[in-house]
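Chemist: Below is the file protein25.pdb, with PDB, C-alpha atoms.
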```
ATOM      1  CA  MET F   1      90.675  14.145 -31.826
ATOM      2  CA  ASP F   2      87.857  14.467 -34.352
ATOM      3  CA  PRO F   3      86.675  10.848 -34.739
ATOM      4  CA  LEU F   4      83.984  11.717 -37.281
ATOM      5  CA  GLY F   5      86.621  13.024 -39.668
ATOM      6  CA  VAL F   6      88.608   9.786 -39.647
ATOM      7  CA  GLU F   7      88.070   7.725 -42.778
ATOM      8  CA  LEU F   8      88.710   4.042 -43.250
ATOM      9  CA  ARG F   9      91.355   4.760 -45.897
ATOM     10  CA  HIS F  10      93.359   6.719 -43.306
ATOM     11  CA  LEU F  11      93.391   3.725 -40.963
ATOM     12  CA  VAL F  12      94.266   1.324 -43.782
ATOM     13  CA  ALA F  13      97.252   3.511 -44.681
ATOM     14  CA  LEU F  14      98.384   3.619 -41.045
ATOM     15  CA  ALA F  15      98.190  -0.170 -40.777
ATOM     16  CA  ALA F  16     100.220  -0.623 -43.971
ATOM     17  CA  VAL F  17     102.923   1.811 -42.799
ATOM     18  CA  GLY F  18     103.051  -0.004 -39.466
ATOM     19  CA  ARG F  19     103.443  -3.389 -41.159
ATOM     20  CA  HIS F  20     106.159  -2.369 -43.600
ATOM     21  CA  ALA F  21     107.934   0.412 -41.614
ATOM     22  CA  SER F  22     108.094   2.191 -44.960
ATOM     23  CA  PHE F  23     105.926   4.663 -46.843
ATOM     24  CA  SER F  24     107.085   3.342 -50.212
ATOM     25  CA  ARG F  25     106.342  -0.323 -49.450
ATOM     26  CA  ALA F  26     102.984   0.625 -47.906
ATOM     27  CA  ALA F  27     102.167   2.488 -51.127
ATOM     28  CA  GLU F  28     103.092  -0.585 -53.211
ATOM     29  CA  GLU F  29     100.791  -2.799 -51.133
ATOM     30  CA  LEU F  30      97.862  -0.415 -51.382
ATOM     31  CA  GLY F  31      98.379   0.542 -55.008
ATOM     32  CA  TYR F  32      98.835   4.227 -54.149
ATOM     33  CA  THR F  33     101.641   6.652 -54.792
ATOM     34  CA  GLN F  34     103.999   7.285 -51.884
ATOM     35  CA  SER F  35     102.834  10.896 -51.708
ATOM     36  CA  ALA F  36      99.202   9.754 -51.406
ATOM     37  CA  VAL F  37     100.067   7.562 -48.407
ATOM     38  CA  SER F  38     102.030  10.408 -46.831
ATOM     39  CA  GLN F  39      99.078  12.753 -47.314
ATOM     40  CA  GLN F  40      96.662  10.289 -45.696
ATOM     41  CA  ILE F  41      98.929   9.851 -42.661
ATOM     42  CA  ALA F  42      99.379  13.618 -42.377
ATOM     43  CA  ARG F  43      95.614  14.121 -42.560
ATOM     44  CA  LEU F  44      95.106  11.486 -39.856
ATOM     45  CA  GLU F  45      97.698  13.154 -37.618
ATOM     46  CA  ARG F  46      95.895  16.487 -37.941
ATOM     47  CA  LEU F  47      92.616  14.844 -36.961
ATOM     48  CA  VAL F  48      94.209  13.050 -34.006
ATOM     49  CA  GLY F  49      96.250  16.047 -32.932
ATOM     50  CA  GLN F  50      99.359  13.928 -32.312
ATOM     51  CA  PRO F  51     102.204  12.507 -34.422
ATOM     52  CA  LEU F  52     101.495   8.902 -35.360
ATOM     53  CA  VAL F  53     104.666   8.035 -37.312
ATOM     54  CA  GLU F  54     108.314   8.763 -36.500
ATOM     55  CA  ARG F  55     110.118   9.849 -39.676
ATOM     56  CA  PRO F  56     113.894   9.594 -39.054
ATOM     57  CA  GLY F  57     114.728  10.461 -42.664
ATOM     58  CA  GLY F  58     117.156   8.779 -45.016
ATOM     59  CA  PRO F  59     117.173   5.003 -45.454
ATOM     60  CA  ARG F  60     116.214   4.303 -41.870
ATOM     61  CA  PRO F  61     112.779   2.662 -41.373
ATOM     62  CA  VAL F  62     109.860   4.654 -40.064
ATOM     63  CA  ARG F  63     107.938   3.411 -37.065
ATOM     64  CA  LEU F  64     104.697   4.175 -35.300
ATOM     65  CA  THR F  65     104.684   6.383 -32.241
ATOM     66  CA  ALA F  66     102.945   5.297 -29.044
ATOM     67  CA  ALA F  67      99.856   7.177 -30.237
ATOM     68  CA  GLY F  68     100.130   5.432 -33.599
ATOM     69  CA  GLU F  69     100.252   2.012 -31.909
ATOM     70  CA  VAL F  70      97.182   2.828 -29.814
ATOM     71  CA  LEU F  71      95.223   4.002 -32.847
ATOM     72  CA  LEU F  72      96.372   0.990 -34.866
ATOM     73  CA  ARG F  73      94.915  -1.405 -32.289
ATOM     74  CA  HIS F  74      91.564   0.342 -32.591
ATOM     75  CA  ALA F  75      91.885   0.373 -36.378
ATOM     76  CA  GLU F  76      92.413  -3.387 -36.405
ATOM     77  CA  ALA F  77      89.339  -3.842 -34.211
ATOM     78  CA  ILE F  78      87.308  -1.659 -36.583
ATOM     79  CA  ARG F  79      88.543  -3.648 -39.565
ATOM     80  CA  ALA F  80      87.587  -6.912 -37.852
ATOM     81  CA  ARG F  81      84.093  -5.585 -37.118
ATOM     82  CA  LEU F  82      83.657  -4.460 -40.713
ATOM     83  CA  THR F  83      84.787  -7.860 -41.966
ATOM     84  CA  SER F  84      82.284  -9.477 -39.626
ATOM     85  CA  ALA F  85      79.570  -7.101 -40.820
ATOM     86  CA  ALA F  86      80.332  -7.994 -44.434
ATOM     87  CA  ALA F  87      80.010 -11.691 -43.606
ATOM     88  CA  ASP F  88      76.705 -11.069 -41.810
ATOM     89  CA  LEU F  89      75.360  -9.074 -44.749
ATOM     90  CA  ASP F  90      76.407 -11.791 -47.192
ATOM     91  CA  ALA F  91      74.682 -14.389 -45.013
ATOM     92  CA  LEU F  92      71.583 -12.221 -44.764
ATOM     93  CA  ALA F  93      71.448 -11.737 -48.521
ATOM     94  CA  GLY F  94      71.880 -15.480 -48.937
ATOM     95  CA  GLY F  95      69.058 -16.188 -46.520
ATOM     96  CA  THR F  96      71.269 -18.080 -44.084
ATOM     97  CA  SER F  97      70.982 -15.739 -41.084
ATOM     98  CA  GLY F  98      69.153 -12.724 -39.742
ATOM     99  CA  THR F  99      65.561 -12.248 -38.611
ATOM    100  CA  LEU F 100      62.353 -12.943 -40.503
ATOM    101  CA  ARG F 101      59.295 -11.102 -39.149
ATOM    102  CA  VAL F 102      56.046 -12.968 -39.791
ATOM    103  CA  GLY F 103      52.452 -11.967 -39.083
ATOM    104  CA  CYS F 104      49.640 -14.471 -38.606
ATOM    105  CA  TYR F 105      46.216 -15.053 -37.094
ATOM    106  CA  GLN F 106      44.808 -17.977 -35.093
ATOM    107  CA  SER F 107      43.598 -20.401 -37.722
ATOM    108  CA  VAL F 108      46.800 -20.198 -39.755
ATOM    109  CA  GLY F 109      48.803 -20.308 -36.531
ATOM    110  CA  VAL F 110      47.241 -23.644 -35.629
ATOM    111  CA  ARG F 111      47.105 -25.500 -38.928
ATOM    112  CA  ILE F 112      49.666 -24.072 -41.359
ATOM    113  CA  LEU F 113      52.328 -22.080 -39.526
ATOM    114  CA  PRO F 114      53.687 -24.924 -37.323
ATOM    115  CA  ARG F 115      54.509 -27.100 -40.318
ATOM    116  CA  VAL F 116      55.969 -24.185 -42.253
ATOM    117  CA  LEU F 117      58.219 -23.290 -39.315
ATOM    118  CA  ARG F 118      59.353 -26.884 -38.863
ATOM    119  CA  GLU F 119      60.498 -27.091 -42.476
ATOM    120  CA  PHE F 120      61.906 -23.565 -42.481
ATOM    121  CA  ARG F 121      64.034 -24.086 -39.369
ATOM    122  CA  ALA F 122      65.372 -27.350 -40.762
ATOM    123  CA  ARG F 123      66.567 -25.566 -43.904
ATOM    124  CA  TRP F 124      67.548 -22.157 -42.481
ATOM    125  CA  PRO F 125      68.505 -22.842 -38.859
ATOM    126  CA  ALA F 126      70.390 -19.552 -38.435
ATOM    127  CA  VAL F 127      67.387 -17.402 -39.408
ATOM    128  CA  ARG F 128      65.382 -16.330 -36.364
ATOM    129  CA  VAL F 129      61.623 -16.014 -36.898
ATOM    130  CA  GLU F 130      59.778 -13.303 -34.963
ATOM    131  CA  LEU F 131      56.029 -13.936 -34.864
ATOM    132  CA  THR F 132      53.397 -11.206 -34.514
ATOM    133  CA  GLU F 133      49.855 -12.452 -33.931
ATOM    134  CA  ASN F 134      46.656 -10.482 -34.403
ATOM    135  CA  GLU F 135      43.156 -11.531 -35.379
ATOM    136  CA  ASP F 136      42.805  -8.467 -37.598
ATOM    137  CA  ASP F 137      44.786  -9.135 -40.758
ATOM    138  CA  GLY F 138      44.122  -5.542 -41.781
ATOM    139  CA  TRP F 139      46.320  -4.467 -38.870
ATOM    140  CA  LEU F 140      48.968  -6.998 -39.899
ATOM    141  CA  LEU F 141      48.988  -5.520 -43.398
ATOM    142  CA  GLN F 142      49.564  -2.083 -41.912
ATOM    143  CA  GLN F 143      52.669  -3.479 -40.228
ATOM    144  CA  VAL F 144      53.905  -4.790 -43.585
ATOM    145  CA  GLU F 145      53.327  -1.375 -45.157
ATOM    146  CA  ARG F 146      55.227   0.323 -42.312
ATOM    147  CA  GLY F 147      58.143  -2.099 -42.629
ATOM    148  CA  GLU F 148      57.501  -3.750 -39.244
ATOM    149  CA  LEU F 149      56.764  -7.161 -40.819
ATOM    150  CA  ASP F 150      58.406  -8.944 -43.749
ATOM    151  CA  VAL F 151      55.447 -11.199 -44.607
ATOM    152  CA  THR F 152      52.002 -11.871 -43.194
ATOM    153  CA  PHE F 153      49.181 -14.329 -43.694
ATOM    154  CA  VAL F 154      45.998 -12.606 -44.873
ATOM    155  CA  VAL F 155      42.498 -13.218 -46.176
ATOM    156  CA  LEU F 156      41.627 -11.928 -49.640
ATOM    157  CA  PRO F 157      40.601  -9.488 -50.932
ATOM    158  CA  LEU F 158      43.228  -7.101 -49.634
ATOM    159  CA  PRO F 159      42.625  -3.422 -48.964
ATOM    160  CA  ASP F 160      44.423  -0.987 -51.230
ATOM    161  CA  GLY F 161      48.130  -0.789 -50.545
ATOM    162  CA  PRO F 162      51.629  -1.624 -51.815
ATOM    163  CA  PHE F 163      51.207  -5.371 -51.434
ATOM    164  CA  ALA F 164      52.245  -8.433 -53.407
ATOM    165  CA  VAL F 165      50.388 -11.628 -52.631
ATOM    166  CA  MET F 166      50.523 -15.396 -53.137
ATOM    167  CA  ASP F 167      47.284 -17.396 -52.842
ATOM    168  CA  LEU F 168      47.583 -20.418 -50.552
ATOM    169  CA  LEU F 169      44.215 -22.159 -50.377
ATOM    170  CA  ALA F 170      40.453 -21.787 -50.359
ATOM    171  CA  ASP F 171      39.328 -22.158 -46.741
ATOM    172  CA  PRO F 172      35.645 -23.154 -46.684
ATOM    173  CA  TYR F 173      33.247 -22.188 -43.936
ATOM    174  CA  VAL F 174      31.887 -25.101 -41.961
ATOM    175  CA  VAL F 175      29.627 -25.748 -39.010
ATOM    176  CA  ALA F 176      31.055 -27.421 -35.913
ATOM    177  CA  VAL F 177      28.367 -29.144 -33.832
ATOM    178  CA  ARG F 178      27.947 -31.807 -31.185
ATOM    179  CA  PRO F 179      27.677 -35.334 -32.580
ATOM    180  CA  ASP F 180      23.982 -35.478 -31.593
ATOM    181  CA  SER F 181      23.082 -32.247 -33.421
ATOM    182  CA  PRO F 182      20.424 -32.644 -36.124
ATOM    183  CA  LEU F 183      22.596 -30.656 -38.552
ATOM    184  CA  GLY F 184      24.261 -32.776 -41.208
ATOM    185  CA  LEU F 185      23.242 -36.142 -39.804
ATOM    186  CA  ASP F 186      22.644 -37.403 -43.340
ATOM    187  CA  GLY F 187      26.332 -36.883 -44.122
ATOM    188  CA  GLY F 188      25.728 -34.037 -46.540
ATOM    189  CA  PRO F 189      26.256 -30.287 -46.262
ATOM    190  CA  VAL F 190      23.831 -28.108 -44.342
ATOM    191  CA  SER F 191      21.818 -25.394 -46.036
ATOM    192  CA  LEU F 192      21.394 -21.791 -44.960
ATOM    193  CA  ARG F 193      17.771 -22.657 -44.215
ATOM    194  CA  ASP F 194      18.975 -25.335 -41.801
ATOM    195  CA  LEU F 195      21.261 -22.837 -40.073
ATOM    196  CA  ALA F 196      18.391 -20.375 -39.662
ATOM    197  CA  THR F 197      16.735 -22.814 -37.236
ATOM    198  CA  GLN F 198      19.754 -23.054 -34.918
ATOM    199  CA  PRO F 199      21.450 -20.794 -32.372
ATOM    200  CA  LEU F 200      24.802 -19.862 -33.900
ATOM    201  CA  ILE F 201      28.246 -18.975 -32.561
ATOM    202  CA  SER F 202      30.630 -16.856 -34.621
ATOM    203  CA  TYR F 203      33.658 -14.609 -34.503
ATOM    204  CA  ALA F 204      33.755 -11.243 -32.799
ATOM    205  CA  ARG F 205      33.929  -8.239 -35.083
ATOM    206  CA  MET F 206      36.972  -8.086 -37.336
ATOM    207  CA  ARG F 207      37.629  -7.582 -41.051
ATOM    208  CA  ASP F 208      36.836 -11.182 -42.001
ATOM    209  CA  VAL F 209      33.595 -11.397 -40.010
ATOM    210  CA  HIS F 210      31.780  -9.175 -42.466
ATOM    211  CA  ALA F 211      32.949 -11.469 -45.251
ATOM    212  CA  ILE F 212      31.608 -14.539 -43.417
ATOM    213  CA  GLU F 213      28.225 -13.043 -42.756
ATOM    214  CA  ASN F 214      27.993 -11.589 -46.258
ATOM    215  CA  ARG F 215      28.695 -15.044 -47.659
ATOM    216  CA  LEU F 216      25.922 -16.512 -45.529
ATOM    217  CA  GLY F 217      23.686 -14.194 -47.503
ATOM    218  CA  ASP F 218      20.591 -14.134 -45.286
ATOM    219  CA  PRO F 219      20.655 -11.135 -42.898
ATOM    220  CA  ALA F 220      18.254 -13.033 -40.633
ATOM    221  CA  LEU F 221      21.067 -15.428 -39.795
ATOM    222  CA  ARG F 222      22.819 -12.653 -37.892
ATOM    223  CA  ASP F 223      19.891 -12.630 -35.488
ATOM    224  CA  GLN F 224      20.606 -16.301 -34.770
ATOM    225  CA  ILE F 225      24.116 -15.545 -33.466
ATOM    226  CA  VAL F 226      23.924 -15.949 -29.694
ATOM    227  CA  PHE F 227      27.626 -15.604 -28.905
ATOM    228  CA  ARG F 228      30.755 -14.153 -30.466
ATOM    229  CA  SER F 229      34.402 -14.613 -29.531
ATOM    230  CA  HIS F 230      37.845 -13.689 -30.815
ATOM    231  CA  HIS F 231      39.167 -17.130 -29.874
ATOM    232  CA  ASN F 232      38.675 -20.318 -31.856
ATOM    233  CA  GLY F 233      39.014 -22.428 -28.709
ATOM    234  CA  THR F 234      36.141 -20.582 -27.040
ATOM    235  CA  ILE F 235      33.926 -20.878 -30.120
ATOM    236  CA  LEU F 236      34.572 -24.609 -30.438
ATOM    237  CA  GLY F 237      34.212 -25.196 -26.698
ATOM    238  CA  LEU F 238      30.785 -23.568 -26.724
ATOM    239  CA  ALA F 239      29.766 -25.693 -29.704
ATOM    240  CA  ALA F 240      30.956 -28.866 -27.961
ATOM    241  CA  GLU F 241      28.761 -27.961 -24.971
ATOM    242  CA  GLY F 242      25.725 -27.509 -27.202
ATOM    243  CA  VAL F 243      25.411 -23.736 -26.754
ATOM    244  CA  GLY F 244      25.042 -23.399 -30.502
ATOM    245  CA  ALA F 245      26.423 -24.368 -33.889
ATOM    246  CA  ALA F 246      29.795 -22.760 -34.573
ATOM    247  CA  VAL F 247      30.065 -21.092 -37.976
ATOM    248  CA  ILE F 248      33.794 -21.123 -38.485
ATOM    249  CA  SER F 249      36.440 -21.635 -41.149
ATOM    250  CA  TRP F 250      37.917 -25.046 -41.885
ATOM    251  CA  LEU F 251      41.397 -24.037 -40.760
ATOM    252  CA  SER F 252      39.989 -23.039 -37.368
ATOM    253  CA  VAL F 253      38.781 -26.564 -36.596
ATOM    254  CA  ASP F 254      40.574 -29.735 -35.568
ATOM    255  CA  PRO F 255      38.555 -32.268 -37.594
ATOM    256  CA  HIS F 256      39.569 -35.035 -35.183
ATOM    257  CA  ARG F 257      38.567 -33.205 -31.992
ATOM    258  CA  PRO F 258      36.396 -35.444 -29.794
ATOM    259  CA  GLY F 259      32.892 -34.198 -29.142
ATOM    260  CA  LEU F 260      32.549 -32.240 -32.371
ATOM    261  CA  ARG F 261      31.355 -33.000 -35.850
ATOM    262  CA  VAL F 262      32.389 -30.811 -38.795
ATOM    263  CA  VAL F 263      29.791 -30.258 -41.513
ATOM    264  CA  PRO F 264      30.243 -28.246 -44.741
ATOM    265  CA  ILE F 265      27.826 -25.431 -45.574
ATOM    266  CA  ALA F 266      26.169 -25.589 -48.990
ATOM    267  CA  GLY F 267      26.183 -22.574 -51.258
ATOM    268  CA  VAL F 268      28.700 -20.459 -49.328
ATOM    269  CA  SER F 269      31.925 -19.484 -51.079
ATOM    270  CA  PRO F 270      35.172 -20.062 -49.146
ATOM    271  CA  ARG F 271      37.566 -17.413 -47.963
ATOM    272  CA  ILE F 272      40.915 -17.274 -49.755
ATOM    273  CA  VAL F 273      43.929 -17.494 -47.459
ATOM    274  CA  ALA F 274      47.101 -15.932 -48.834
ATOM    275  CA  ILE F 275      50.480 -14.596 -47.793
ATOM    276  CA  ALA F 276      51.470 -10.991 -48.528
ATOM    277  CA  TRP F 277      54.570  -8.796 -48.520
ATOM    278  CA  HIS F 278      55.543  -5.261 -49.557
ATOM    279  CA  ARG F 279      55.890  -5.202 -53.335
ATOM    280  CA  ASP F 280      58.264  -2.207 -53.395
ATOM    281  CA  ARG F 281      60.790  -3.463 -50.852
ATOM    282  CA  TYR F 282      63.587  -5.947 -51.327
ATOM    283  CA  GLN F 283      62.338  -9.406 -50.360
ATOM    284  CA  LEU F 284      64.978 -11.358 -48.493
ATOM    285  CA  PRO F 285      65.707 -14.854 -49.825
ATOM    286  CA  ALA F 286      64.566 -16.201 -46.452
ATOM    287  CA  ALA F 287      61.195 -14.488 -46.895
ATOM    288  CA  ALA F 288      60.819 -15.876 -50.410
ATOM    289  CA  ALA F 289      61.661 -19.354 -49.123
ATOM    290  CA  PHE F 290      59.115 -18.962 -46.322
ATOM    291  CA  THR F 291      56.331 -18.073 -48.773
ATOM    292  CA  ASP F 292      57.215 -21.058 -50.968
ATOM    293  CA  LEU F 293      57.073 -23.381 -47.961
ATOM    294  CA  ALA F 294      53.712 -21.914 -46.961
ATOM    295  CA  HIS F 295      52.414 -22.741 -50.433
ATOM    296  CA  THR F 296      53.713 -26.315 -50.174
ATOM    297  CA  VAL F 297      52.126 -26.860 -46.756
ATOM    298  CA  ALA F 298      48.846 -25.416 -48.044
ATOM    299  CA  LEU F 299      48.800 -28.108 -50.733
ATOM    300  CA  THR F 300      48.845 -30.845 -48.075
ATOM    301  CA  GLU F 301      46.092 -29.040 -46.174
ATOM    302  CA  ARG F 302      43.953 -29.044 -49.304
ATOM    303  CA  SER F 303      44.351 -32.818 -49.521
ATOM    304  CA  LEU F 304      43.256 -33.269 -45.891
ATOM    305  CA  MET F 305      40.312 -30.977 -46.537
ATOM    306  CA  ARG F 306      39.154 -33.054 -49.508
ATOM    307  CA  ASP F 307      39.447 -36.277 -47.522
ATOM    308  CA  THR F 308      37.421 -34.855 -44.621
ATOM    309  CA  LEU F 309      34.784 -32.787 -46.393
ATOM    310  CA  GLY F 310      34.626 -34.786 -49.594
ATOM    311  CA  SER F 311      35.240 -31.803 -51.875
TER     312      SER F 311
END
```
What does the file become when written as structure tokens?
Modeler:
Amino acid sequence: MDPLGVELRHLVALAAVGRHASFSRAAEELGYTQSAVSQQIARLERLVGQPLVERPGGPRPVRLTAAGEVLLRHAEAIRARLTSAAADLDALAGGTSGTLRVGCYQSVGVRILPRVLREFRARWPAVRVELTENEDDGWLLQQVERGELDVTFVVLPLPDGPFAVMDLLADPYVVAVRPDSPLGLDGGPVSLRDLATQPLISYARMRDVHAIENRLGDPALRDQIVFRSHHNGTILGLAAEGVGAAVISWLSVDPHRPGLRVVPIAGVSPRIVAIAWHRDRYQLPAAAAFTDLAHTVALTERSLMRDTLGS
């Protein structure tokens, strides 16, 4: 048997002949001529290498041979799988099932992603979310470009590439210090001159670090950095122990964490957090819904930011 030569129309014709025990009635059901059905069965028999239909001639009904019955059972299984596949594809196109692959980094993973996922799972419970985490959003964008991720959280500006983007919020840089630190005791923002007098803690090298330190403006501030880490928890833990003042983004801080005070930095522009996807690929409805939810959650985060920082 040559299975690769078998076409679905051959199996459909065999099933119709089996149901009706007649070439003419099978042709009526399928909307073919009787000769077309006969040709499809003959072609299938050549591929199988065995007779599939007994043709007694005259008015007597035709019937499937043992080989025809065996093949029909497999044909029915194939038809059921194709029907199931069609239902899955319809559900996927409708955003009600399938897998959504999301990229994120720590700060978004702590403050924005959990609320987005809670709302998303409530509305699309059959869609499974696969999360890929990396502190380098440049690497995450490469995964989007390669088709390994559907969407990813990023920091603007983006490198060149086939990306569409939705802005979420401006994430200001702040200083996290012990409550007894002299920084910001008057309730106002700290200046870059104030920071230049303190040992500082910052992120390890990644794409966004250059943006942070460029925004700080004064190259001398880099000499004040006594420790770097990839992990927000480590940075904040060191600040809580008085090792230095943590220069960190707002989203990276729990403003209610005991033992820390969060102070805005004057004169430093915020980073822009966004969500990106491949502009030339079909965006699943589930992915579009996810980006909309991320935008909604970002609005609530902006409100909390204003209440805490007063801006």
Chemist: For a quick check of your reading of the model, name the residues lying within 7 Å of the coordinate (53.7, -13.2, -38.7), counting all atoms listed in the file, and write them as a PyMOL selection string.
Modeler: chain F and resi 101-104+131-133+151-153
Chemist: Would you write out, as an MDAnalysis selection string, every residue that the PyMOL selection byres ((chain F and resi 269) around 7) captures in this file?
Modeler: chainID F and resid 172 215 267:268 270:271
Chemist: Using only C-alpha atoms for the distances, tell me which of F:Ala286, F:Ala77, F:Leu72, F:Ala176 is nearest to F:Val247.
Modeler: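 Between F:Ala286, F:Ala77, F:Leu72, F:Ala176, the residue approaching F:Val247 most closely is F:Ala176.
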Chemist: At a cut-off of 10 Å, using only C-alpha atoms, what residues contact F:Pro189? Leave out same-chain residues fewer than 5 positions from it and give the result as JSON, numbers by chain.
Modeler: {"F": [174, 175, 183, 184, 194, 262, 263, 264, 265, 266, 267, 309]}
Chemist: Could you spell out the hits of the PyMOL selection byres ((chain F and resi 22-37) around 10) on the shown file, as JSON, numbers by chain?
Modeler: {"F": [9, 10, 12, 13, 14, 15, 16, 17, 18, 19, 20, 21, 38, 39, 40, 41, 42, 43, 55, 59, 60, 61, 62, 63]}
Chemist: Given only C-alpha atoms as the basis, pick out the residue of F:Val154, F:Val253, F:Ala122, F:Ala287 nearest to F:Gly237.
Modeler: F:Val253
Chemist: May I have the residues within 12 Å of F:Pro255 as an NGL selection string, using all atoms listed in the file and disregarding those fewer than 3 positions away in the same chain?
Modeler: :F and (111 or 174-177 or 236 or 249-252 or 258-264 or 301 or 304-309)
Chemist: Between F:Leu8, F:Val127, F:Ala86, F:Leu71, which has the minimum distance to F:Leu284 (counting all atoms listed in the file)?
Modeler: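 For F:Leu284, the nearest of the candidates is F:Val127.
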Chemist: Taking (49.7, -3.0, -45.3) in the file's coordinates as the center, which residues reach within 10 Å of it, counting only C-alpha atoms, put as a ChimeraX atom specification?
Modeler: /F:137-149,152,158-163,276-278
Chemist: Could you turn the residues from that selection into a file that holds C-alpha atoms, as a short mmCIF file (atom, residue, chain, number, x, y, z; two decimals), in the frame of the given file?
Modeler:
```cif
data_model
loop_
_atom_site.label_atom_id
_atom_site.label_comp_id
_atom_site.auth_asym_id
_atom_site.auth_seq_id
_atom_site.Cartn_x
_atom_site.Cartn_y
_atom_site.Cartn_z
CA ASP F 137 44.79 -9.14 -40.76
CA GLY F 138 44.12 -5.54 -41.78
CA TRP F 139 46.32 -4.47 -38.87
CA LEU F 140 48.97 -7.00 -39.90
CA LEU F 141 48.99 -5.52 -43.40
CA GLN F 142 49.56 -2.08 -41.91
CA GLN F 143 52.67 -3.48 -40.23
CA VAL F 144 53.90 -4.79 -43.58
CA GLU F 145 53.33 -1.38 -45.16
CA ARG F 146 55.23 0.32 -42.31
CA GLY F 147 58.14 -2.10 -42.63
CA GLU F 148 57.50 -3.75 -39.24
CA LEU F 149 56.76 -7.16 -40.82
CA THR F 152 52.00 -11.87 -43.19
CA LEU F 158 43.23 -7.10 -49.63
CA PRO F 159 42.62 -3.42 -48.96
CA ASP F 160 44.42 -0.99 -51.23
CA GLY F 161 48.13 -0.79 -50.54
CA PRO F 162 51.63 -1.62 -51.82
CA PHE F 163 51.21 -5.37 -51.43
CA ALA F 276 51.47 -10.99 -48.53
CA TRP F 277 54.57 -8.80 -48.52
CA HIS F 278 55.54 -5.26 -49.56
#
```
Chemist: Can you measure atom CA of F:Ile248 to atom CA of F:Tyr203 for me? One decimal in Å is fine.
Modeler: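 Atom-to-atom, atom CA of F:Ile248 and atom CA of F:Tyr203 are spaced 7.6 Å apart.
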Chemist: I'd like the neighbourhood of F:Trp124 as a PyMOL selection string, where a residue qualifies if any of its atoms comes within 10 Å (using all atoms listed in the file), though same-chain residues fewer than 4 positions away should be ignored.
Modeler: chain F and resi 95-98+117+119-120+128+286+289-290
Chemist: Which residue gives the smallest distance to F:Asn134 among F:Pro56, F:Met166, F:His230, F:Gly187, with only C-alpha atoms counted?
Modeler: F:His230
Chemist: Report, in Å to a single decimal, how far apart atom CA of F:Leu192 and atom CA of F:Ser229 are.
Modeler: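 Going from atom CA of F:Ser229 over to atom CA of F:Leu192, I get 21.4 Å.
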Chemist: Please determine, counting all atoms listed in the file, which residue among F:Ala246, F:Ala164, F:Val116, F:Pro3 has the shortest atom-to-atom distance to F:His74.
Modeler: F:Pro3
Chemist: For F:Leu47, which residue among F:Leu4, F:Leu113, F:Leu64, F:Leu195 is the nearest when counting all atoms listed in the file?
Modeler: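 That would be F:Leu4, the residue with the smallest distance to F:Leu47.
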Chemist: Between atom CA of F:Arg302 and atom CA of F:Tyr105, what distance in Å does the model show, to one decimal?
Modeler: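 Separating atom CA of F:Arg302 from atom CA of F:Tyr105 is a distance of 18.7 Å.
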